[in-house]
>>> print(open('target-v6.cif').read())   # mmCIF, C-alpha atoms
data_data
#
loop_
_atom_site.label_atom_id
_atom_site.label_comp_id
_atom_site.auth_asym_id
_atom_site.auth_seq_id
_atom_site.Cartn_x
_atom_site.Cartn_y
_atom_site.Cartn_z
CA MET A 399 -37.93 -24.11 -23.10
CA ASP A 400 -39.72 -22.84 -20.00
CA SER A 401 -37.93 -21.85 -16.82
CA MET A 402 -38.84 -25.02 -14.93
CA THR A 403 -37.13 -27.24 -17.50
CA LEU A 404 -34.15 -24.92 -17.54
CA ILE A 405 -33.80 -25.07 -13.76
CA ALA A 406 -34.00 -28.85 -13.84
CA ILE A 407 -31.38 -29.20 -16.57
CA ALA A 408 -28.98 -26.74 -14.92
CA SER A 409 -29.33 -28.40 -11.50
CA ILE A 410 -28.74 -31.94 -12.72
CA VAL A 411 -25.81 -31.08 -14.98
CA THR A 412 -24.16 -28.88 -12.37
CA SER A 413 -24.55 -31.45 -9.61
CA GLY A 414 -23.00 -34.14 -11.77
CA LEU A 415 -20.09 -31.89 -12.78
CA THR A 416 -19.56 -30.69 -9.21
CA ILE A 417 -18.95 -34.11 -7.76
CA ALA A 418 -17.04 -35.33 -10.82
CA LEU A 419 -14.55 -32.49 -10.93
CA GLY A 420 -14.51 -32.08 -7.17
CA SER A 421 -13.24 -35.56 -6.45
CA ILE A 422 -10.25 -35.43 -8.82
CA GLY A 423 -8.14 -33.07 -6.71
CA PRO A 424 -8.68 -34.72 -3.32
CA ALA A 425 -8.08 -38.18 -4.77
CA LEU A 426 -4.73 -37.13 -6.22
CA GLY A 427 -3.81 -35.33 -3.01
CA GLU A 428 -4.69 -38.30 -0.82
CA GLY A 429 -2.69 -40.62 -3.03
CA ARG A 430 0.40 -38.44 -2.67
CA ALA A 431 -0.13 -38.13 1.09
CA VAL A 432 -0.36 -41.89 1.62
CA ALA A 433 2.65 -42.51 -0.63
CA THR A 434 4.78 -40.05 1.35
CA ALA A 435 3.54 -41.51 4.64
CA LEU A 436 4.45 -45.02 3.51
CA SER A 437 7.95 -44.01 2.49
CA SER A 438 8.53 -42.19 5.79
CA LEU A 439 7.19 -45.25 7.66
CA ALA A 440 9.72 -47.35 5.81
CA GLN A 441 12.48 -44.95 6.81
CA GLN A 442 11.48 -44.65 10.50
CA PRO A 443 9.28 -47.54 11.65
CA ASP A 444 9.43 -46.56 15.32
CA ALA A 445 7.64 -43.27 14.67
CA ALA A 446 4.75 -45.31 13.29
CA THR A 447 2.02 -44.06 15.65
CA THR A 448 2.84 -40.39 15.10
CA ILE A 449 3.06 -40.81 11.35
CA THR A 450 -0.19 -42.77 11.21
CA ARG A 451 -2.07 -40.25 13.34
CA THR A 452 -0.79 -37.31 11.33
CA LEU A 453 -1.62 -39.17 8.13
CA PHE A 454 -5.22 -39.69 9.23
CA VAL A 455 -5.64 -36.07 10.25
CA GLY A 456 -4.20 -34.92 6.93
CA LEU A 457 -6.41 -37.31 4.99
CA ALA A 458 -9.48 -35.98 6.80
CA MET A 459 -8.49 -32.44 5.84
CA ILE A 460 -8.07 -33.39 2.18
CA GLU A 461 -11.26 -35.46 2.21
CA SER A 462 -13.29 -32.54 3.48
CA ILE A 463 -12.83 -30.75 0.14
CA ALA A 464 -14.49 -33.66 -1.60
CA ILE A 465 -17.17 -33.66 1.08
CA TYR A 466 -17.92 -29.98 0.40
CA CYS A 467 -18.43 -30.78 -3.29
CA PHE A 468 -20.62 -33.75 -2.39
CA VAL A 469 -22.79 -31.63 -0.10
CA VAL A 470 -23.30 -29.05 -2.84
CA SER A 471 -24.21 -31.83 -5.25
CA MET A 472 -26.74 -33.33 -2.84
CA ILE A 473 -28.27 -29.92 -2.15
CA LEU A 474 -28.74 -29.38 -5.88
CA ILE A 475 -30.55 -32.68 -6.24
CA PHE A 476 -32.55 -33.01 -3.03
CA ALA A 477 -32.90 -29.62 -1.36
CA ASN A 478 -32.83 -27.31 -4.36
CA PRO A 479 -34.52 -24.00 -3.45
CA PHE A 480 -34.93 -22.90 -7.08
CA TRP A 481 -36.64 -26.14 -7.96
CA SER A 482 -38.95 -25.89 -4.95
CA HIS A 483 -39.80 -22.35 -5.95
CA ALA A 484 -40.53 -23.43 -9.53
CA ILE A 485 -42.69 -26.32 -8.32
CA ALA A 486 -44.59 -24.03 -5.98
CA GLN A 487 -45.23 -21.62 -8.80
CA ALA A 488 -46.38 -24.39 -11.14
CA ALA A 489 -48.66 -25.79 -8.45
CA GLY A 490 -50.03 -22.35 -7.65
CA LYS A 491 -51.07 -21.75 -11.26
CA MET B 692 -35.87 -39.49 0.45
CA HIS B 693 -34.88 -37.18 3.25
CA LEU B 694 -31.57 -35.43 3.44
CA SER B 695 -31.29 -35.51 7.22
CA PRO B 696 -33.17 -36.88 10.24
CA ASP B 697 -34.42 -33.34 10.88
CA GLU B 698 -37.19 -34.00 8.41
CA ILE B 699 -38.74 -36.94 10.27
CA ILE B 700 -41.07 -35.27 12.73
CA TYR B 701 -42.70 -37.33 15.44
CA TRP B 702 -44.71 -34.69 17.26
CA GLN B 703 -45.34 -31.04 16.72
CA HIS B 704 -46.88 -28.35 18.88
CA GLY B 705 -46.72 -24.88 17.40
CA PHE B 706 -43.10 -23.89 17.06
CA PHE B 707 -41.65 -26.82 19.03
CA LYS B 708 -40.93 -29.86 16.86
CA LEU B 709 -39.83 -33.25 18.11
CA ASN B 710 -37.86 -34.62 15.21
CA ALA B 711 -35.79 -37.76 14.81
CA THR B 712 -32.52 -35.91 15.50
CA ILE B 713 -33.65 -34.84 18.98
CA VAL B 714 -35.13 -38.24 19.80
CA TYR B 715 -32.02 -40.18 18.78
CA THR B 716 -29.66 -37.69 20.46
CA TRP B 717 -31.50 -38.05 23.75
CA GLY B 718 -31.59 -41.81 23.27
CA LEU B 719 -27.81 -41.88 22.80
CA MET B 720 -27.28 -39.65 25.85
CA PHE B 721 -29.53 -41.94 27.86
CA VAL B 722 -27.70 -45.09 26.76
CA LEU B 723 -24.25 -43.62 27.42
CA ALA B 724 -25.11 -42.15 30.82
CA LEU B 725 -27.15 -45.12 32.04
CA GLY B 726 -24.57 -47.61 30.78
CA SER B 727 -21.71 -45.86 32.55
CA LYS B 728 -23.76 -45.49 35.72
CA LEU B 729 -24.55 -49.18 35.76
CA VAL B 730 -20.94 -50.20 35.14
CA THR B 731 -19.40 -47.85 37.69
CA ARG B 732 -21.76 -48.74 40.52
CA LYS B 733 -19.26 -51.14 42.12
CA LEU B 734 -15.74 -50.34 41.05
CA SER B 735 -12.99 -52.71 42.16
CA THR B 736 -9.37 -51.63 42.48
CA GLY B 737 -7.94 -55.15 42.66
CA LEU B 738 -7.09 -57.50 39.84
CA GLN B 739 -10.59 -59.00 39.79
CA ARG B 740 -12.88 -56.71 37.85
CA SER B 741 -15.92 -57.07 35.68
CA ARG B 742 -15.40 -57.01 31.94
CA TRP B 743 -17.45 -53.86 31.53
CA GLN B 744 -15.23 -52.02 33.97
CA ASN B 745 -12.27 -53.33 32.02
CA LEU B 746 -13.77 -51.97 28.81
CA LEU B 747 -14.38 -48.56 30.31
CA GLU B 748 -10.85 -48.45 31.71
CA ILE B 749 -9.40 -49.31 28.30
CA ILE B 750 -11.44 -46.56 26.67
CA VAL B 751 -10.60 -43.91 29.26
CA THR B 752 -6.88 -44.65 29.43
CA GLY B 753 -6.74 -44.87 25.64
CA ILE B 754 -8.28 -41.42 25.22
CA ASN B 755 -6.01 -40.05 27.98
CA GLN B 756 -2.97 -41.42 26.17
CA GLN B 757 -4.03 -39.95 22.84
CA ILE B 758 -4.56 -36.52 24.38
CA ALA B 759 -1.14 -36.67 26.04
CA GLU B 760 0.50 -37.75 22.78
CA VAL B 761 -0.85 -34.73 20.92
CA GLY B 762 0.89 -32.57 23.48
CA LEU B 763 -1.45 -31.46 26.26
CA ARG B 764 0.37 -31.49 29.55
CA ARG B 765 -2.40 -32.60 31.92
CA PRO B 766 -4.84 -34.66 29.89
CA GLU B 767 -7.26 -35.22 32.78
CA LYS B 768 -8.37 -31.60 32.58
CA TYR B 769 -9.52 -32.00 28.99
CA LEU B 770 -10.61 -35.62 29.20
CA GLY B 771 -14.25 -34.74 29.94
CA PHE B 772 -14.74 -32.56 26.90
CA LEU B 773 -12.64 -34.42 24.35
CA GLY B 774 -13.67 -37.87 25.54
CA THR B 775 -17.33 -36.91 25.33
CA LEU B 776 -16.88 -35.63 21.78
CA PHE B 777 -15.25 -38.87 20.70
CA LEU B 778 -17.71 -41.16 22.49
CA PHE B 779 -20.79 -39.30 21.28
CA VAL B 780 -19.78 -39.27 17.63
CA ALA B 781 -18.53 -42.87 17.77
CA MET B 782 -21.72 -44.16 19.42
CA ALA B 783 -23.87 -42.16 17.01
CA SER B 784 -22.20 -43.99 14.15
CA LEU B 785 -22.04 -47.39 15.84
CA PHE B 786 -25.77 -47.58 16.48
CA THR B 787 -26.54 -47.65 12.74
CA ILE B 788 -26.46 -51.40 13.29
CA VAL B 789 -29.84 -51.01 14.98
CA PRO B 790 -32.59 -51.04 12.33
CA GLY B 791 -34.71 -47.95 12.05
CA TYR B 792 -32.00 -45.70 13.49
CA ALA B 793 -30.70 -42.59 11.77
CA PRO B 794 -27.48 -41.10 13.18
CA PRO B 795 -28.15 -37.65 14.67
CA THR B 796 -24.75 -36.53 13.40
CA GLY B 797 -26.23 -36.88 9.92
CA SER B 798 -28.02 -33.61 10.57
CA LEU B 799 -26.21 -30.31 10.07
CA SER B 800 -27.71 -28.94 13.28
CA THR B 801 -26.02 -31.55 15.48
CA THR B 802 -22.62 -31.22 13.84
CA THR B 803 -22.81 -27.42 13.93
CA ALA B 804 -23.65 -27.61 17.63
CA LEU B 805 -20.63 -29.83 18.27
CA ALA B 806 -18.40 -27.54 16.22
CA ILE B 807 -19.64 -24.48 18.13
CA CYS B 808 -18.85 -26.31 21.38
CA VAL B 809 -15.26 -26.70 20.16
CA PHE B 810 -15.20 -23.07 18.99
CA VAL B 811 -16.21 -21.90 22.47
CA ALA B 812 -14.05 -24.40 24.36
CA VAL B 813 -10.76 -23.48 22.64
CA PRO B 814 -10.68 -19.85 23.90
CA LEU B 815 -11.92 -20.99 27.32
CA PHE B 816 -9.09 -23.48 27.75
CA GLY B 817 -6.63 -21.02 26.22
CA ILE B 818 -7.57 -18.21 28.59
CA GLU B 819 -7.57 -20.58 31.54
CA ASP B 820 -4.04 -21.64 30.69
CA GLN B 821 -2.40 -18.47 29.41
CA GLY B 822 -4.54 -15.65 30.81
CA LEU B 823 -6.62 -13.29 28.71
CA GLY B 824 -3.69 -11.16 27.55
CA GLY B 825 -1.53 -14.13 26.67
CA TYR B 826 -4.29 -15.81 24.71
CA LEU B 827 -5.26 -12.68 22.77
CA GLY B 828 -1.60 -12.01 22.09
CA ASP B 829 -1.49 -15.31 20.22
CA TYR B 830 -3.65 -13.80 17.50
CA LEU B 831 -0.95 -11.25 16.77
CA LYS B 832 1.73 -13.91 16.95
CA PRO B 833 3.70 -14.05 13.66
CA THR B 834 2.97 -10.38 12.86
CA VAL B 835 0.11 -7.98 13.56
CA ILE B 836 -0.91 -8.21 9.91
CA MET B 837 -1.92 -11.83 10.50
CA LEU B 838 -4.76 -10.80 12.85
CA PRO B 839 -7.63 -10.99 10.31
CA PHE B 840 -6.24 -14.21 8.85
CA ASN B 841 -6.04 -15.83 12.27
CA ILE B 842 -9.65 -14.87 12.99
CA ILE B 843 -10.79 -16.14 9.61
CA SER B 844 -8.94 -19.40 10.14
CA GLU B 845 -10.69 -19.87 13.50
CA LEU B 846 -14.10 -19.44 11.87
CA SER B 847 -13.33 -21.53 8.83
CA ARG B 848 -11.99 -24.47 10.78
CA THR B 849 -15.17 -24.50 12.89
CA LEU B 850 -17.21 -24.58 9.69
CA ALA B 851 -14.96 -27.28 8.30
CA LEU B 852 -15.44 -29.44 11.41
CA ALA B 853 -19.21 -29.18 11.11
CA VAL B 854 -19.44 -29.82 7.38
CA ARG B 855 -16.87 -32.63 7.39
CA LEU B 856 -18.73 -34.65 10.00
CA PHE B 857 -22.12 -33.89 8.47
CA GLY B 858 -20.97 -34.76 4.95
CA ASN B 859 -19.45 -38.07 5.99
CA MET B 860 -22.44 -39.21 8.03
CA MET B 861 -25.03 -38.00 5.54
CA SER B 862 -23.26 -39.58 2.60
CA GLY B 863 -23.12 -42.92 4.42
CA THR B 864 -26.86 -43.02 5.04
CA MET B 865 -27.72 -41.66 1.61
CA ILE B 866 -25.54 -44.20 -0.22
CA LEU B 867 -27.27 -46.92 1.76
CA ALA B 868 -30.73 -45.60 0.90
CA ILE B 869 -29.88 -45.32 -2.80
CA LEU B 870 -28.31 -48.78 -2.94
CA LEU B 871 -31.31 -50.35 -1.24
CA THR B 872 -33.44 -49.27 -4.17
CA ILE B 873 -30.99 -50.59 -6.76
CA THR B 874 -29.29 -53.79 -5.52
CA PRO B 875 -31.08 -54.83 -2.34
CA PHE B 876 -29.19 -57.86 -1.16
CA ILE B 877 -25.45 -58.03 -0.40
CA PHE B 878 -23.95 -54.76 -1.56
CA PRO B 879 -25.78 -52.51 0.96
CA ILE B 880 -24.30 -54.60 3.78
CA ALA B 881 -20.78 -53.95 2.49
CA MET B 882 -21.55 -50.25 2.25
CA SER B 883 -22.98 -50.32 5.75
CA ALA B 884 -19.72 -51.80 7.05
CA LEU B 885 -17.81 -49.07 5.21
CA GLY B 886 -20.13 -46.52 6.81
CA LEU B 887 -19.29 -47.90 10.25
CA LEU B 888 -15.57 -47.60 9.50
CA THR B 889 -15.81 -44.02 8.28
CA GLY B 890 -17.98 -43.18 11.30
CA MET B 891 -15.26 -44.37 13.68
CA VAL B 892 -12.54 -42.58 11.71
CA GLN B 893 -14.56 -39.36 11.67
CA ALA B 894 -15.13 -39.59 15.44
CA TYR B 895 -11.38 -39.95 15.92
CA ILE B 896 -10.66 -37.09 13.50
CA PHE B 897 -13.15 -34.78 15.20
CA SER B 898 -11.72 -35.31 18.66
CA ILE B 899 -8.09 -35.22 17.50
CA LEU B 900 -8.68 -31.95 15.67
CA ALA B 901 -10.33 -30.50 18.77
CA THR B 902 -7.29 -31.66 20.76
CA VAL B 903 -4.89 -30.05 18.29
CA TYR B 904 -6.81 -26.75 18.38
CA ILE B 905 -6.79 -26.73 22.19
CA THR B 906 -3.06 -27.55 22.20
CA ALA B 907 -2.39 -24.68 19.83
CA ALA B 908 -4.34 -22.33 22.11
CA THR B 909 -2.77 -23.41 25.40
CA ARG B 910 0.84 -23.32 24.34
CA ALA B 911 2.81 -20.41 22.93
CA ARG B 912 2.55 -20.69 19.19
CA LYS B 913 5.64 -22.42 17.91
CA PRO B 914 6.37 -22.16 14.20
CA GLU B 915 5.02 -25.56 13.21
CA PRO B 916 3.46 -26.73 9.95
CA GLY B 917 -0.09 -25.61 10.66
CA LEU B 918 -2.78 -28.25 10.83
CA ASP B 919 -5.56 -25.68 10.66
CA ASP B 920 -7.57 -25.08 7.51
#
>>> encode(input="target-v6.cif", output="structure tokens")
Amino acid sequence: MDSMTLIAIASIVTSGLTIALGSIGPALGEGRAVATALSSLAQQPDAATTITRTLFVGLAMIESIAIYCFVVSMILIFANPFWSHAIAQAAGK
Amino acid sequence: MHLSPDEIIYWQHGFFKLNATIVYTWGLMFVLALGSKLVTRKLSTGLQRSRWQNLLEIIVTGINQQIAEVGLRRPEKYLGFLGTLFLFVAMASLFTIVPGYAPPTGSLSTTTALAICVFVAVPLFGIEDQGLGGYLGDYLKPTVIMLPFNIISELSRTLALAVRLFGNMMSGTMILAILLTITPFIFPIAMSALGLLTGMVQAYIFSILATVYITAATRARKPEPGLDD
């Protein structure tokens, strides 16, 4: 198996695994955050705006982990430097 | 398919490239500035006012109220910076309704620029409020050992701001592009609506996080559950 095929296989498999494993943690974390926010809203409805705003900020923090994984995955598929290098070498030959 | 609007180049002369990011950023700036100029030409202080003036008043007082709720004592001082952040990111996302438009915040250069603006503005506001010694003393606040960790957290939250906004905007446009090649009719419209929603939420998140960072820099650090990365 030549290096170009190897690069392609590694990139595709890694990008799929990255986003698959990387979205498990944030999804679980966001679920717990929303559940806790809902129970505290039920306990203190007049603090609703503060709770909602803090919930959204917290969700954005948790979501950004999944976004990091997504960005890595996209880079591996669309802006892969190793693949570009391999293509350039194959074209140069 | 392109990863960001940086790759669409309209005109090139040597090193200087006019790409889609620059064109759409200047277009947004033009629309925002010209729109506000047109609306605020004849302001009325009575009960009779045009609906556009009403809209601008709602937006400005809403942002003022949000800044005050987070804890800044005189929100008017920070309204220019924080309001501009919110309005720019929100408009950049809202204009995806227009066909042929790519949001400039979908490019890492724009979001990094905005994040660097926040990174520079936080010490500026902090020093203006607490003096240079008071602000630098904040870095030693829990103990002196925390100094490298505080510096690292400053840098990492700037990076997080940039990548969060970029990732959300880029994923919205990329999902749309991919779906258009698979199921062209109704589903991309639903995803486009979702993209609008996440754009608004991300604009709010960006400006609220900037507000929280400025609040943390202008007040003596109280032991609170940290919202920084």
>>> interface_residues(input="target-v6.cif", of="chain B", to="chain A", cutoff="9 Å", atoms="only C-alpha atoms", output="VMD selection string")
chain B and resid 692 to 694 760 to 761 851 to 852 854 to 859 861 to 862 892 to 893 895 to 896 899 to 900 918 to 920
>>> write_last_selection(input="target-v6.cif", atoms="C-alpha atoms", output="CSV table (one decimal), in the coordinates of the input")
chain,number,residue,atom,x,y,z
B,692,MET,CA,-35.9,-39.5,0.4
B,693,HIS,CA,-34.9,-37.2,3.2
B,694,LEU,CA,-31.6,-35.4,3.4
B,760,GLU,CA,0.5,-37.8,22.8
B,761,VAL,CA,-0.8,-34.7,20.9
B,851,ALA,CA,-15.0,-27.3,8.3
B,852,LEU,CA,-15.4,-29.4,11.4
B,854,VAL,CA,-19.4,-29.8,7.4
B,855,ARG,CA,-16.9,-32.6,7.4
B,856,LEU,CA,-18.7,-34.6,10.0
B,857,PHE,CA,-22.1,-33.9,8.5
B,858,GLY,CA,-21.0,-34.8,5.0
B,859,ASN,CA,-19.4,-38.1,6.0
B,861,MET,CA,-25.0,-38.0,5.5
B,862,SER,CA,-23.3,-39.6,2.6
B,892,VAL,CA,-12.5,-42.6,11.7
B,893,GLN,CA,-14.6,-39.4,11.7
B,895,TYR,CA,-11.4,-40.0,15.9
B,896,ILE,CA,-10.7,-37.1,13.5
B,899,ILE,CA,-8.1,-35.2,17.5
B,900,LEU,CA,-8.7,-32.0,15.7
B,918,LEU,CA,-2.8,-28.2,10.8
B,919,ASP,CA,-5.6,-25.7,10.7
B,920,ASP,CA,-7.6,-25.1,7.5
>>> closest_atom_pairs(input="target-v6.cif", of="stretch 825-884 of chain B", to="stretch 776-794 of chain B", cutoff="10 Å", atoms="all atoms listed in the file", output="JSON lines")
{"residue": "B:Leu856", "atom": "CA", "partner": "B:Val780", "partner_atom": "CA", "distance": 9.0}
{"residue": "B:Met860", "atom": "CA", "partner": "B:Pro794", "partner_atom": "CA", "distance": 7.4}
{"residue": "B:Met861", "atom": "CA", "partner": "B:Pro794", "partner_atom": "CA", "distance": 8.6}
{"residue": "B:Gly863", "atom": "CA", "partner": "B:Ser784", "partner_atom": "CA", "distance": 9.8}
{"residue": "B:Thr864", "atom": "CA", "partner": "B:Ala793", "partner_atom": "CA", "distance": 7.8}
{"residue": "B:Ser883", "atom": "CA", "partner": "B:Thr787", "partner_atom": "CA", "distance": 8.3}
{"residue": "B:Ala884", "atom": "CA", "partner": "B:Ile788", "partner_atom": "CA", "distance": 9.2}
>>> resolve_selection(input="target-v6.cif", expression="the PyMOL selection byres ((chain B and resi 803) around 10)", output="ChimeraX atom specification")
/B:796,798-802,804-809,849-854,856-857
>>> atom_distance(input="target-v6.cif", atom1="atom CA of B:Gln756", atom2="atom CA of B:Arg742")
20.8 Å
>>> atom_distance(input="target-v6.cif", atom1="atom CA of B:Phe810", atom2="atom CA of A:Gly420")
27.7 Å
